[in-house]
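Containing mmCIF, C-alpha atoms and all ligand atoms: data_15.cif.
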data_start
loop_
_atom_site.group_PDB
_atom_site.id
_atom_site.type_symbol
_atom_site.label_atom_id
_atom_site.label_comp_id
_atom_site.auth_asym_id
_atom_site.auth_seq_id
_atom_site.Cartn_x
_atom_site.Cartn_y
_atom_site.Cartn_z
ATOM 1 C CA MET M 1 36.817 237.719 157.059
ATOM 2 C CA ASN M 2 36.869 238.540 153.354
ATOM 3 C CA ILE M 3 33.107 238.845 152.768
ATOM 4 C CA ILE M 4 31.951 242.401 152.106
ATOM 5 C CA ASP M 5 28.883 243.197 154.211
ATOM 6 C CA GLY M 6 26.771 245.219 151.785
ATOM 7 C CA LYS M 7 23.867 245.229 154.226
ATOM 8 C CA LYS M 8 25.913 246.964 156.914
ATOM 9 C CA ILE M 9 27.536 249.480 154.568
ATOM 10 C CA SER M 10 24.205 250.266 152.906
ATOM 11 C CA SER M 11 22.558 250.852 156.285
ATOM 12 C CA GLU M 12 25.278 253.417 157.105
ATOM 13 C CA ILE M 13 24.503 255.245 153.850
ATOM 14 C CA ARG M 14 20.768 255.092 154.516
ATOM 15 C CA ALA M 15 21.376 256.535 158.004
ATOM 16 C CA GLU M 16 23.350 259.416 156.441
ATOM 17 C CA ALA M 17 20.486 260.024 153.997
ATOM 18 C CA ALA M 18 17.968 259.919 156.888
ATOM 19 C CA LYS M 19 19.951 262.596 158.727
ATOM 20 C CA LYS M 20 19.908 264.862 155.658
ATOM 21 C CA ALA M 21 16.191 264.137 155.137
ATOM 22 C CA SER M 22 15.397 265.182 158.692
ATOM 23 C CA LEU M 23 17.345 268.452 158.256
ATOM 24 C CA LEU M 24 15.284 269.127 155.138
ATOM 25 C CA ALA M 25 12.074 268.251 156.980
ATOM 26 C CA GLY M 26 13.031 270.843 159.611
ATOM 27 C CA ARG M 27 12.943 273.383 156.784
ATOM 28 C CA GLY M 28 9.560 272.177 155.583
ATOM 29 C CA VAL M 29 10.788 270.013 152.697
ATOM 30 C CA ILE M 30 9.923 266.295 152.695
ATOM 31 C CA PRO M 31 11.932 264.489 149.990
ATOM 32 C CA GLY M 32 9.562 262.705 147.599
ATOM 33 C CA LEU M 33 10.166 259.738 145.284
ATOM 34 C CA ALA M 34 7.730 258.496 142.621
ATOM 35 C CA VAL M 35 8.131 254.748 142.051
ATOM 36 C CA ILE M 36 6.437 253.496 138.892
ATOM 37 C CA LEU M 37 6.065 249.806 138.089
ATOM 38 C CA VAL M 38 4.447 248.508 134.907
ATOM 39 C CA GLY M 39 3.415 244.847 134.926
ATOM 40 C CA ASP M 40 3.977 242.053 137.407
ATOM 41 C CA ASN M 41 7.518 240.799 136.911
ATOM 42 C CA PRO M 42 8.200 239.131 140.302
ATOM 43 C CA ALA M 43 11.770 240.436 140.583
ATOM 44 C CA SER M 44 10.644 243.978 139.732
ATOM 45 C CA ILE M 45 7.843 243.788 142.310
ATOM 46 C CA SER M 46 10.345 242.761 144.965
ATOM 47 C CA TYR M 47 12.765 245.582 143.986
ATOM 48 C CA VAL M 48 10.132 248.340 144.069
ATOM 49 C CA THR M 49 8.723 247.034 147.351
ATOM 50 C CA ALA M 50 12.217 247.188 148.866
ATOM 51 C CA LYS M 51 12.718 250.700 147.479
ATOM 52 C CA GLU M 52 9.446 251.948 148.978
ATOM 53 C CA LYS M 53 10.251 250.340 152.332
ATOM 54 C CA ALA M 54 13.645 252.068 152.363
ATOM 55 C CA CYS M 55 11.936 255.401 151.586
ATOM 56 C CA ALA M 56 9.733 255.029 154.678
ATOM 57 C CA GLU M 57 12.775 254.290 156.867
ATOM 58 C CA VAL M 58 14.802 257.217 155.547
ATOM 59 C CA GLY M 59 11.993 259.787 155.769
ATOM 60 C CA ILE M 60 11.252 260.001 152.048
ATOM 61 C CA ARG M 61 7.638 260.211 150.982
ATOM 62 C CA SER M 62 6.973 257.685 148.223
ATOM 63 C CA PHE M 63 4.423 258.112 145.467
ATOM 64 C CA PRO M 64 3.731 254.558 144.255
ATOM 65 C CA VAL M 65 2.182 253.906 140.853
ATOM 66 C CA ARG M 66 1.296 250.389 139.696
ATOM 67 C CA LEU M 67 0.173 249.973 136.106
ATOM 68 C CA PRO M 68 -1.027 246.754 134.474
ATOM 69 C CA ARG M 69 1.192 245.027 131.924
ATOM 70 C CA GLU M 70 -1.075 246.221 129.097
ATOM 71 C CA ALA M 71 -0.858 249.906 130.095
ATOM 72 C CA SER M 72 -0.118 252.161 127.141
ATOM 73 C CA GLN M 73 3.013 254.225 126.729
ATOM 74 C CA GLU M 74 0.790 257.352 126.720
ATOM 75 C CA GLU M 75 -0.611 256.459 130.123
ATOM 76 C CA LEU M 76 2.878 255.969 131.534
ATOM 77 C CA LEU M 77 4.085 259.239 129.986
ATOM 78 C CA GLY M 78 1.058 260.977 131.519
ATOM 79 C CA HIS M 79 2.145 259.897 135.009
ATOM 80 C CA ILE M 80 5.717 261.024 134.353
ATOM 81 C CA SER M 81 4.541 264.410 133.094
ATOM 82 C CA ALA M 82 2.400 264.925 136.217
ATOM 83 C CA PHE M 83 5.332 264.005 138.495
ATOM 84 C CA ASN M 84 7.680 266.276 136.518
ATOM 85 C CA SER M 85 5.525 269.263 137.456
ATOM 86 C CA ASN M 86 4.704 268.163 141.020
ATOM 87 C CA PRO M 87 6.970 270.150 143.402
ATOM 88 C CA ASP M 88 6.516 267.519 146.143
ATOM 89 C CA VAL M 89 8.246 264.924 143.945
ATOM 90 C CA HIS M 90 12.032 265.219 143.772
ATOM 91 C CA GLY M 91 12.806 261.881 142.153
ATOM 92 C CA ILE M 92 11.072 259.719 139.543
ATOM 93 C CA LEU M 93 11.943 256.059 139.105
ATOM 94 C CA VAL M 94 10.470 253.837 136.402
ATOM 95 C CA GLN M 95 11.428 250.257 137.185
ATOM 96 C CA LEU M 96 13.087 248.489 134.249
ATOM 97 C CA PRO M 97 12.626 246.388 132.217
ATOM 98 C CA LEU M 98 9.391 247.709 130.719
ATOM 99 C CA PRO M 99 6.949 245.555 128.690
ATOM 100 C CA GLU M 100 8.025 245.213 125.051
ATOM 101 C CA HIS M 101 5.358 247.490 123.578
ATOM 102 C CA ILE M 102 6.782 250.452 125.521
ATOM 103 C CA ASP M 103 9.753 252.403 124.172
ATOM 104 C CA GLU M 104 12.162 252.428 127.095
ATOM 105 C CA SER M 105 14.362 255.239 125.826
ATOM 106 C CA ALA M 106 11.327 257.497 125.122
ATOM 107 C CA VAL M 107 10.188 256.915 128.710
ATOM 108 C CA ILE M 108 13.594 257.617 130.242
ATOM 109 C CA SER M 109 13.955 260.788 128.140
ATOM 110 C CA ALA M 110 10.549 262.016 129.346
ATOM 111 C CA ILE M 111 11.732 262.169 132.972
ATOM 112 C CA SER M 112 12.938 265.627 133.957
ATOM 113 C CA PRO M 113 16.774 265.338 134.214
ATOM 114 C CA GLU M 114 16.572 267.137 137.600
ATOM 115 C CA LYS M 115 14.329 264.340 138.931
ATOM 116 C CA ASP M 116 16.199 261.465 137.257
ATOM 117 C CA VAL M 117 17.395 259.696 140.424
ATOM 118 C CA ASP M 118 18.433 256.633 138.378
ATOM 119 C CA GLY M 119 20.900 258.694 136.357
ATOM 120 C CA PHE M 120 19.571 257.104 133.135
ATOM 121 C CA HIS M 121 18.498 260.261 131.254
ATOM 122 C CA PRO M 122 20.747 260.885 128.216
ATOM 123 C CA ALA M 123 21.655 264.345 129.568
ATOM 124 C CA ASN M 124 22.832 262.813 132.855
ATOM 125 C CA VAL M 125 24.648 259.927 131.130
ATOM 126 C CA GLY M 126 26.473 262.546 129.045
ATOM 127 C CA LYS M 127 27.402 264.559 132.134
ATOM 128 C CA MET M 128 28.677 261.432 133.885
ATOM 129 C CA LEU M 129 30.857 260.602 130.899
ATOM 130 C CA LEU M 130 32.217 264.158 130.874
ATOM 131 C CA GLY M 131 32.908 263.994 134.617
ATOM 132 C CA GLU M 132 30.403 266.759 135.353
ATOM 133 C CA ASP M 133 28.154 266.852 138.401
ATOM 134 C CA ALA M 134 25.125 264.591 137.785
ATOM 135 C CA PRO M 135 23.068 261.957 139.596
ATOM 136 C CA LEU M 136 24.985 258.697 139.191
ATOM 137 C CA PRO M 137 23.260 255.402 138.352
ATOM 138 C CA CYS M 138 22.590 253.622 141.630
ATOM 139 C CA THR M 139 24.177 250.189 141.147
ATOM 140 C CA PRO M 140 27.467 251.465 139.639
ATOM 141 C CA HIS M 141 27.690 254.206 142.273
ATOM 142 C CA GLY M 142 26.958 251.627 144.984
ATOM 143 C CA ILE M 143 29.804 249.438 143.703
ATOM 144 C CA ILE M 144 32.274 252.347 143.818
ATOM 145 C CA GLU M 145 31.056 253.239 147.313
ATOM 146 C CA LEU M 146 31.598 249.626 148.479
ATOM 147 C CA LEU M 147 35.170 249.694 147.154
ATOM 148 C CA VAL M 148 35.863 253.063 148.807
ATOM 149 C CA ARG M 149 34.329 252.124 152.173
ATOM 150 C CA CYS M 150 36.205 248.797 152.235
ATOM 151 C CA GLY M 151 39.480 250.645 151.612
ATOM 152 C CA VAL M 152 40.158 248.889 148.286
ATOM 153 C CA GLU M 153 43.044 250.538 146.436
ATOM 154 C CA THR M 154 41.829 251.108 142.865
ATOM 155 C CA SER M 155 44.330 253.617 141.512
ATOM 156 C CA GLY M 156 46.487 252.023 138.818
ATOM 157 C CA LYS M 157 44.777 248.659 139.352
ATOM 158 C CA HIS M 158 43.298 246.582 136.570
ATOM 159 C CA ALA M 159 39.519 246.317 136.813
ATOM 160 C CA VAL M 160 37.736 243.877 134.514
ATOM 161 C CA VAL M 161 34.016 244.511 134.033
ATOM 162 C CA ILE M 162 31.966 241.612 132.651
ATOM 163 C CA GLY M 163 28.835 243.027 131.016
ATOM 164 C CA ARG M 164 28.027 246.090 128.913
ATOM 165 C CA SER M 165 24.496 247.011 129.975
ATOM 166 C CA ASN M 166 23.388 250.631 130.241
ATOM 167 C CA ILE M 167 22.415 250.028 133.876
ATOM 168 C CA VAL M 168 25.645 248.460 135.182
ATOM 169 C CA GLY M 169 28.471 247.513 132.791
ATOM 170 C CA LYS M 170 28.935 250.717 130.807
ATOM 171 C CA PRO M 171 28.465 253.194 133.694
ATOM 172 C CA VAL M 172 30.598 251.250 136.206
ATOM 173 C CA ALA M 173 33.435 251.117 133.650
ATOM 174 C CA CYS M 174 33.065 254.879 133.189
ATOM 175 C CA LEU M 175 33.205 255.562 136.945
ATOM 176 C CA LEU M 176 36.149 253.197 137.563
ATOM 177 C CA MET M 177 38.303 255.045 135.019
ATOM 178 C CA ARG M 178 37.644 258.497 136.505
ATOM 179 C CA ARG M 179 40.765 260.488 137.329
ATOM 180 C CA LYS M 180 41.919 260.977 140.896
ATOM 181 C CA PRO M 181 40.363 261.631 143.356
ATOM 182 C CA GLY M 182 38.158 259.113 141.496
ATOM 183 C CA PRO M 183 39.064 255.403 141.262
ATOM 184 C CA ASN M 184 41.707 255.972 138.542
ATOM 185 C CA ALA M 185 41.677 252.299 137.528
ATOM 186 C CA THR M 186 42.685 250.748 134.206
ATOM 187 C CA VAL M 187 39.484 249.240 132.878
ATOM 188 C CA THR M 188 38.757 246.344 130.523
ATOM 189 C CA VAL M 189 35.144 245.686 129.509
ATOM 190 C CA CYS M 190 34.301 242.094 128.532
ATOM 191 C CA HIS M 191 30.952 240.939 127.164
ATOM 192 C CA THR M 192 29.202 238.131 125.282
ATOM 193 C CA GLY M 193 31.391 238.858 122.261
ATOM 194 C CA THR M 194 34.622 238.392 124.245
ATOM 195 C CA LYS M 195 36.734 235.396 123.249
ATOM 196 C CA ASN M 196 38.421 233.644 126.165
ATOM 197 C CA LEU M 197 37.031 235.668 129.060
ATOM 198 C CA ALA M 198 39.350 233.912 131.539
ATOM 199 C CA GLU M 199 42.410 235.388 129.815
ATOM 200 C CA TYR M 200 41.191 238.837 130.900
ATOM 201 C CA THR M 201 39.822 238.031 134.343
ATOM 202 C CA ARG M 202 43.007 236.148 135.361
ATOM 203 C CA CYS M 203 44.988 239.369 135.191
ATOM 204 C CA ALA M 204 42.372 241.459 136.990
ATOM 205 C CA ASP M 205 42.949 243.006 140.425
ATOM 206 C CA ILE M 206 39.222 243.762 140.591
ATOM 207 C CA VAL M 207 36.494 241.772 138.814
ATOM 208 C CA ILE M 208 32.991 243.240 138.466
ATOM 209 C CA ALA M 209 30.651 240.456 137.323
ATOM 210 C CA ALA M 210 27.487 241.888 135.737
ATOM 211 C CA ALA M 211 26.679 239.326 133.066
ATOM 212 C CA GLY M 212 23.322 238.139 134.449
ATOM 213 C CA ARG M 213 24.317 234.478 134.187
ATOM 214 C CA PRO M 214 25.103 232.105 137.088
ATOM 215 C CA GLY M 215 28.527 230.466 136.982
ATOM 216 C CA THR M 216 30.064 233.170 134.755
ATOM 217 C CA VAL M 217 33.073 233.460 137.082
ATOM 218 C CA THR M 218 34.756 230.340 138.481
ATOM 219 C CA ALA M 219 37.826 229.918 140.691
ATOM 220 C CA ASP M 220 40.219 229.143 137.806
ATOM 221 C CA MET M 221 39.404 232.573 136.310
ATOM 222 C CA ILE M 222 40.515 234.565 139.378
ATOM 223 C CA LYS M 223 43.973 235.732 140.453
ATOM 224 C CA ASP M 224 44.910 235.071 144.089
ATOM 225 C CA GLY M 225 43.960 238.101 146.194
ATOM 226 C CA ALA M 226 41.634 239.691 143.645
ATOM 227 C CA VAL M 227 38.612 241.724 144.765
ATOM 228 C CA VAL M 228 35.409 240.202 143.336
ATOM 229 C CA ILE M 229 32.171 242.200 143.081
ATOM 230 C CA ASP M 230 29.162 240.108 142.079
ATOM 231 C CA VAL M 231 26.309 242.130 140.565
ATOM 232 C CA GLY M 232 24.313 239.112 139.371
ATOM 233 C CA VAL M 233 20.830 238.472 140.769
ATOM 234 C CA ASN M 234 19.655 235.152 139.349
ATOM 235 C CA ARG M 235 16.637 233.211 140.601
ATOM 236 C CA ILE M 236 17.268 229.452 140.737
ATOM 237 C CA PRO M 237 14.287 227.122 141.367
ATOM 238 C CA ASP M 238 14.610 225.616 144.858
ATOM 239 C CA GLN M 239 11.695 223.642 146.255
ATOM 240 C CA SER M 240 13.238 223.610 149.739
ATOM 241 C CA ARG M 241 12.503 227.353 149.993
ATOM 242 C CA LYS M 242 9.118 228.832 150.822
ATOM 243 C CA SER M 243 9.459 231.186 147.831
ATOM 244 C CA GLY M 244 10.307 228.276 145.508
ATOM 245 C CA PHE M 245 13.613 229.849 144.471
ATOM 246 C CA ARG M 246 16.964 231.013 145.776
ATOM 247 C CA LEU M 247 19.145 233.887 144.615
ATOM 248 C CA VAL M 248 22.618 233.315 143.208
ATOM 249 C CA GLY M 249 25.053 235.747 141.655
ATOM 250 C CA ASP M 250 27.196 235.446 138.526
ATOM 251 C CA VAL M 251 30.145 234.209 140.586
ATOM 252 C CA ASP M 252 30.609 230.677 141.862
ATOM 253 C CA PHE M 253 30.923 231.958 145.438
ATOM 254 C CA GLN M 254 31.991 228.659 147.099
ATOM 255 C CA SER M 255 35.057 228.176 144.928
ATOM 256 C CA VAL M 256 35.981 231.838 144.333
ATOM 257 C CA ALA M 257 35.690 233.149 147.935
ATOM 258 C CA PRO M 258 38.806 231.309 149.242
ATOM 259 C CA LYS M 259 40.952 232.877 146.478
ATOM 260 C CA ALA M 260 39.597 236.425 146.713
ATOM 261 C CA SER M 261 40.922 239.034 149.149
ATOM 262 C CA LEU M 262 37.398 240.480 149.268
ATOM 263 C CA ILE M 263 34.145 239.272 147.739
ATOM 264 C CA THR M 264 30.497 240.364 147.801
ATOM 265 C CA PRO M 265 27.839 237.743 148.602
ATOM 266 C CA VAL M 266 24.471 237.396 146.806
ATOM 267 C CA PRO M 267 22.189 238.377 148.405
ATOM 268 C CA GLY M 268 23.578 240.981 150.815
ATOM 269 C CA GLY M 269 26.325 242.511 148.680
ATOM 270 C CA VAL M 270 25.651 244.955 145.866
ATOM 271 C CA GLY M 271 21.815 244.715 146.004
ATOM 272 C CA PRO M 272 21.283 246.737 149.193
ATOM 273 C CA MET M 273 23.791 249.330 147.935
ATOM 274 C CA THR M 274 21.615 250.074 144.881
ATOM 275 C CA ILE M 275 18.740 251.025 147.163
ATOM 276 C CA ALA M 276 20.951 253.077 149.493
ATOM 277 C CA MET M 277 22.316 255.112 146.575
ATOM 278 C CA LEU M 278 18.762 255.693 145.328
ATOM 279 C CA MET M 279 17.880 257.156 148.740
ATOM 280 C CA ASP M 280 20.999 259.323 148.575
ATOM 281 C CA ASN M 281 20.151 260.567 145.045
ATOM 282 C CA THR M 282 16.587 261.390 146.094
ATOM 283 C CA VAL M 283 17.665 263.369 149.170
ATOM 284 C CA LYS M 284 20.285 265.219 147.095
ATOM 285 C CA SER M 285 17.643 266.084 144.506
ATOM 286 C CA ALA M 286 15.392 267.462 147.285
ATOM 287 C CA GLU M 287 18.338 269.470 148.654
ATOM 288 C CA ARG M 288 18.943 270.987 145.210
ATOM 289 C CA ALA M 289 15.254 271.842 144.833
ATOM 290 C CA ALA M 290 15.183 273.401 148.327
ATOM 291 C CA ARG M 291 18.151 275.625 147.455
ATOM 292 C CA LEU M 292 16.283 276.856 144.390
ATOM 293 C CA ASN M 293 13.162 277.704 146.412
HETATM 294 N N1 LIG U 1 16.162 247.492 136.904
HETATM 295 C C1 LIG U 1 17.296 246.909 137.359
HETATM 296 N N2 LIG U 1 18.064 247.806 138.006
HETATM 297 C C2 LIG U 1 17.399 248.981 137.978
HETATM 298 C C3 LIG U 1 17.685 250.282 138.503
HETATM 299 O O1 LIG U 1 18.723 250.551 139.108
HETATM 300 N N3 LIG U 1 16.728 251.221 138.273
HETATM 301 C C4 LIG U 1 15.584 250.967 137.572
HETATM 302 N N4 LIG U 1 14.733 251.978 137.378
HETATM 303 N N5 LIG U 1 15.295 249.774 137.074
HETATM 304 C C5 LIG U 1 16.205 248.784 137.282
#
Could I get this structure in the form of structure tokens?
Amino acid sequence: MNIIDGKKISSEIRAEAAKKASLLAGRGVIPGLAVILVGDNPASISYVTAKEKACAEVGIRSFPVRLPREASQEELLGHISAFNSNPDVHGILVQLPLPEHIDESAVISAISPEKDVDGFHPANVGKMLLGEDAPLPCTPHGIIELLVRCGVETSGKHAVVIGRSNIVGKPVACLLMRRKPGPNATVTVCHTGTKNLAEYTRCADIVIAAAGRPGTVTADMIKDGAVVIDVGVNRIPDQSRKSGFRLVGDVDFQSVAPKASLITPVPGGVGPMTIAMLMDNTVKSAERAARLN
């Protein structure tokens, strides 16, 4: 079977986080995560709901905040400031994207770096790039963890990342190129400005598809035996479903799966890993705070 079971691997990580959370609870510290959502983007609602549900399972207290689409930046910053100084809150997550009238980078910079469980604060991005200890962004870290736990050899291999977002493309490229005992891969980053994408992906041992577009990777673009990680989460209208849509990744799974040595499905691949790594970051942040107490 060459399909990576992200659900199973993520539940192992959540169980490890739950164990650490219960040790902390024994010392009187309940890990706390503030989850802030602005607006009513359906995908964002489903992500934050899943994050809060995972918190409850792991033993993390969640502090949900729902703001209307029209909420001002000042109001949002007010909530962040209150959570920054609340000792019961160890992690603060502002679900992205934010409505257009809100300055995303000002919001991210307002989160205390110690409570930045997304690893998006410029100070933490800088530390990650330097290879210093910092909370790692959840999706990229989840991808590395999948590769490690599936025993994928990355050292000296050619990894091609498709996408250059701050949330996935850039940080996953950074993590993949880390020296041993890190992945130690040779990394190529492709994006919308890349001419002839297939020329790059055909010589990849590992393809990380994070373009946000269905059908970005097809069978002819993949070397036999490559490892294919699909980060895409695209909603396709489907009237046969109760929800009215189905989820597909960036990879044409049907045609690519037979050629790949390992491949992640959508859903059930990378998605659950993002949430598991968020739980891990939150518990680690609570552990750090408990040591300082
Ligand atoms: N939007 C898409 N992915 C993420 C994520 O990992 N964290 C946050 N805060 N927003 C996102």
Which residues sit within 7 Å of ligand LIG 1 (chain U), counting only C-alpha atoms and all ligand atoms, listed as an MDAnalysis selection string? chainID M and resid 93:97 118 137:139 167 274
Restricting the calculation to all atoms listed in the file, which member of M:Ser10, M:Ser165, M:Thr216, M:Asn2 is positioned closest to M:Gly268?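 Result for the nearest residue to M:Gly268: M:Ser10.
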Residue nearest M:Pro42 - candidates M:Phe245, M:Gly182, M:Gly142, M:Ile111, atoms counted: all atoms listed in the file: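 Checking each candidate against M:Pro42, we get M:Phe245 as the closest.
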Starting from the displayed file, determine the output of the PyMOL selection byres (((chain M and resi 119-126) around 12) and not hetatm) and express the residue list as a ChimeraX atom specification. /M:91-96,104-118,127-141,165-168,170-172,174-175,277-278,281-282,285
Can you list, as number ranges by chain, every protein, DNA or RNA residue that comes within 10 Å of M:Leu33 when you count only C-alpha atoms, leaving out same-chain residues fewer than 2 positions away? M: 30-31, 35-36, 51-52, 55, 60-64, 83, 88-93, 115, 117, 278-279, 282-283, 285-286
Considering all atoms listed in the file, return as a count of residues only whatever protein or nucleic-acid residues lie within 9 Å of stretch 220-223 of chain M, sequence-local ones (same chain, fewer than 2 positions apart) excluded. 19
Select from stretch 98-183 of chain M every residue with an atom at most 9 Å from any atom of stretch 66-73 of chain M, then for each give the shortest pair of atoms and their distance in Å to one decimal, using only C-alpha atoms, rows by chain and rising number, as CSV.
residue,atom,partner,partner_atom,distance
M:Leu98,CA,M:Arg69,CA,8.7
M:Pro99,CA,M:Arg69,CA,6.6
M:His101,CA,M:Gln73,CA,7.8
M:Ile102,CA,M:Gln73,CA,5.5
M:Asp103,CA,M:Gln73,CA,7.4
M:Val107,CA,M:Gln73,CA,7.9
Restricting it to C-alpha atoms, dump the selection as an mmCIF file, in the frame of the given file.
data_model
loop_
_atom_site.group_PDB
_atom_site.id
_atom_site.type_symbol
_atom_site.label_atom_id
_atom_site.label_comp_id
_atom_site.auth_asym_id
_atom_site.auth_seq_id
_atom_site.Cartn_x
_atom_site.Cartn_y
_atom_site.Cartn_z
ATOM 1 C CA LEU M 98 9.391 247.709 130.719
ATOM 2 C CA PRO M 99 6.949 245.555 128.690
ATOM 3 C CA HIS M 101 5.358 247.490 123.578
ATOM 4 C CA ILE M 102 6.782 250.452 125.521
ATOM 5 C CA ASP M 103 9.753 252.403 124.172
ATOM 6 C CA VAL M 107 10.188 256.915 128.710
#
Atomic distance atom CA of M:Asp238 - atom CA of M:Pro265, expressed in Å with one decimal: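 Computing it gives 18.3 Å between the two atoms.
Nearest-residue note for M:Leu147: choosing from M:Ala25, M:Ala219, M:Met1, M:Leu262, the minimum distance belongs to M:Leu262, counting only C-alpha atoms.
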How many Å lie between atom CA of M:Pro267 and atom CA of M:Asn196, rounded to one decimal?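 We find that atom CA of M:Pro267 and atom CA of M:Asn196 lie 27.9 Å from each other.
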Determine the nearest neighbour of M:Arg14 from the options M:Leu77, M:Val58, M:Cys190, M:Ala211, counting all atoms listed in the file.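 With all atoms listed in the file as the atom set, the closest residue is M:Val58.
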For each of M:Ile3, M:Ser46, M:Val29, M:Lys19, take the minimum atom-to-atom distance to M:Ser243, counting all atoms listed in the file, then give the residue where this is smallest.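 For M:Ser243, the nearest of the given residues is M:Ser46.
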Edge lengths and centre in Å to one decimal, as AutoDock Vina command-line options, of the axis-aligned box that encloses all listed atoms of stretch 220-239 of chain M with 4 Å added on every side?
--center_x 28.3 --center_y 232.9 --center_z 141.3 --size_x 41.2 --size_y 26.6 --size_z 17.9
Using the incomplete input, complete stretch 230-236 of chain M to the level of all heavy atoms; output as a PDB file, in the frame of the given file.
ATOM      1  N   ASP M 230      30.165 240.893 142.806  1.00  0.00           N
ATOM      2  CA  ASP M 230      29.162 240.108 142.079  1.00  0.00           C
ATOM      3  C   ASP M 230      27.855 240.894 141.975  1.00  0.00           C
ATOM      4  O   ASP M 230      27.188 241.136 142.988  1.00  0.00           O
ATOM      5  CB  ASP M 230      28.933 238.782 142.823  1.00  0.00           C
ATOM      6  CG  ASP M 230      28.121 237.786 142.009  1.00  0.00           C
ATOM      7  OD1 ASP M 230      27.563 238.174 140.967  1.00  0.00           O
ATOM      8  OD2 ASP M 230      28.060 236.616 142.435  1.00  0.00           O
ATOM      9  N   VAL M 231      27.511 241.314 140.774  1.00  0.00           N
ATOM     10  CA  VAL M 231      26.309 242.130 140.565  1.00  0.00           C
ATOM     11  C   VAL M 231      25.116 241.264 140.132  1.00  0.00           C
ATOM     12  O   VAL M 231      23.996 241.735 140.039  1.00  0.00           O
ATOM     13  CB  VAL M 231      26.576 243.251 139.526  1.00  0.00           C
ATOM     14  CG1 VAL M 231      25.479 244.310 139.555  1.00  0.00           C
ATOM     15  CG2 VAL M 231      27.919 243.928 139.775  1.00  0.00           C
ATOM     16  N   GLY M 232      25.370 240.001 139.867  1.00  0.00           N
ATOM     17  CA  GLY M 232      24.313 239.112 139.371  1.00  0.00           C
ATOM     18  C   GLY M 232      23.214 238.887 140.397  1.00  0.00           C
ATOM     19  O   GLY M 232      23.483 238.791 141.598  1.00  0.00           O
ATOM     20  N   VAL M 233      21.982 238.849 139.932  1.00  0.00           N
ATOM     21  CA  VAL M 233      20.830 238.472 140.769  1.00  0.00           C
ATOM     22  C   VAL M 233      20.032 237.472 139.951  1.00  0.00           C
ATOM     23  O   VAL M 233      19.211 237.846 139.115  1.00  0.00           O
ATOM     24  CB  VAL M 233      19.929 239.677 141.112  1.00  0.00           C
ATOM     25  CG1 VAL M 233      18.892 239.276 142.173  1.00  0.00           C
ATOM     26  CG2 VAL M 233      20.730 240.870 141.600  1.00  0.00           C
ATOM     27  N   ASN M 234      20.299 236.193 140.150  1.00  0.00           N
ATOM     28  CA  ASN M 234      19.655 235.152 139.349  1.00  0.00           C
ATOM     29  C   ASN M 234      18.790 234.282 140.250  1.00  0.00           C
ATOM     30  O   ASN M 234      19.240 233.863 141.320  1.00  0.00           O
ATOM     31  CB  ASN M 234      20.733 234.298 138.658  1.00  0.00           C
ATOM     32  CG  ASN M 234      21.733 235.145 137.861  1.00  0.00           C
ATOM     33  OD1 ASN M 234      21.372 235.764 136.877  1.00  0.00           O
ATOM     34  ND2 ASN M 234      22.994 235.196 138.323  1.00  0.00           N
ATOM     35  N   ARG M 235      17.567 234.040 139.821  1.00  0.00           N
ATOM     36  CA  ARG M 235      16.637 233.211 140.601  1.00  0.00           C
ATOM     37  C   ARG M 235      16.758 231.760 140.139  1.00  0.00           C
ATOM     38  O   ARG M 235      16.512 231.465 138.962  1.00  0.00           O
ATOM     39  CB  ARG M 235      15.198 233.690 140.402  1.00  0.00           C
ATOM     40  CG  ARG M 235      14.921 235.011 141.083  1.00  0.00           C
ATOM     41  CD  ARG M 235      13.470 235.440 140.911  1.00  0.00           C
ATOM     42  NE  ARG M 235      13.222 236.595 141.767  1.00  0.00           N
ATOM     43  CZ  ARG M 235      12.058 236.895 142.320  1.00  0.00           C
ATOM     44  NH1 ARG M 235      11.012 236.139 142.118  1.00  0.00           N
ATOM     45  NH2 ARG M 235      11.938 237.958 143.094  1.00  0.00           N
ATOM     46  N   ILE M 236      17.123 230.873 141.057  1.00  0.00           N
ATOM     47  CA  ILE M 236      17.268 229.452 140.737  1.00  0.00           C
ATOM     48  C   ILE M 236      16.133 228.693 141.441  1.00  0.00           C
ATOM     49  O   ILE M 236      15.959 228.864 142.653  1.00  0.00           O
ATOM     50  CB  ILE M 236      18.630 228.929 141.283  1.00  0.00           C
ATOM     51  CG1 ILE M 236      19.791 229.729 140.689  1.00  0.00           C
ATOM     52  CG2 ILE M 236      18.797 227.447 141.044  1.00  0.00           C
ATOM     53  CD1 ILE M 236      20.076 229.435 139.247  1.00  0.00           C
TER      54      ILE M 236
END
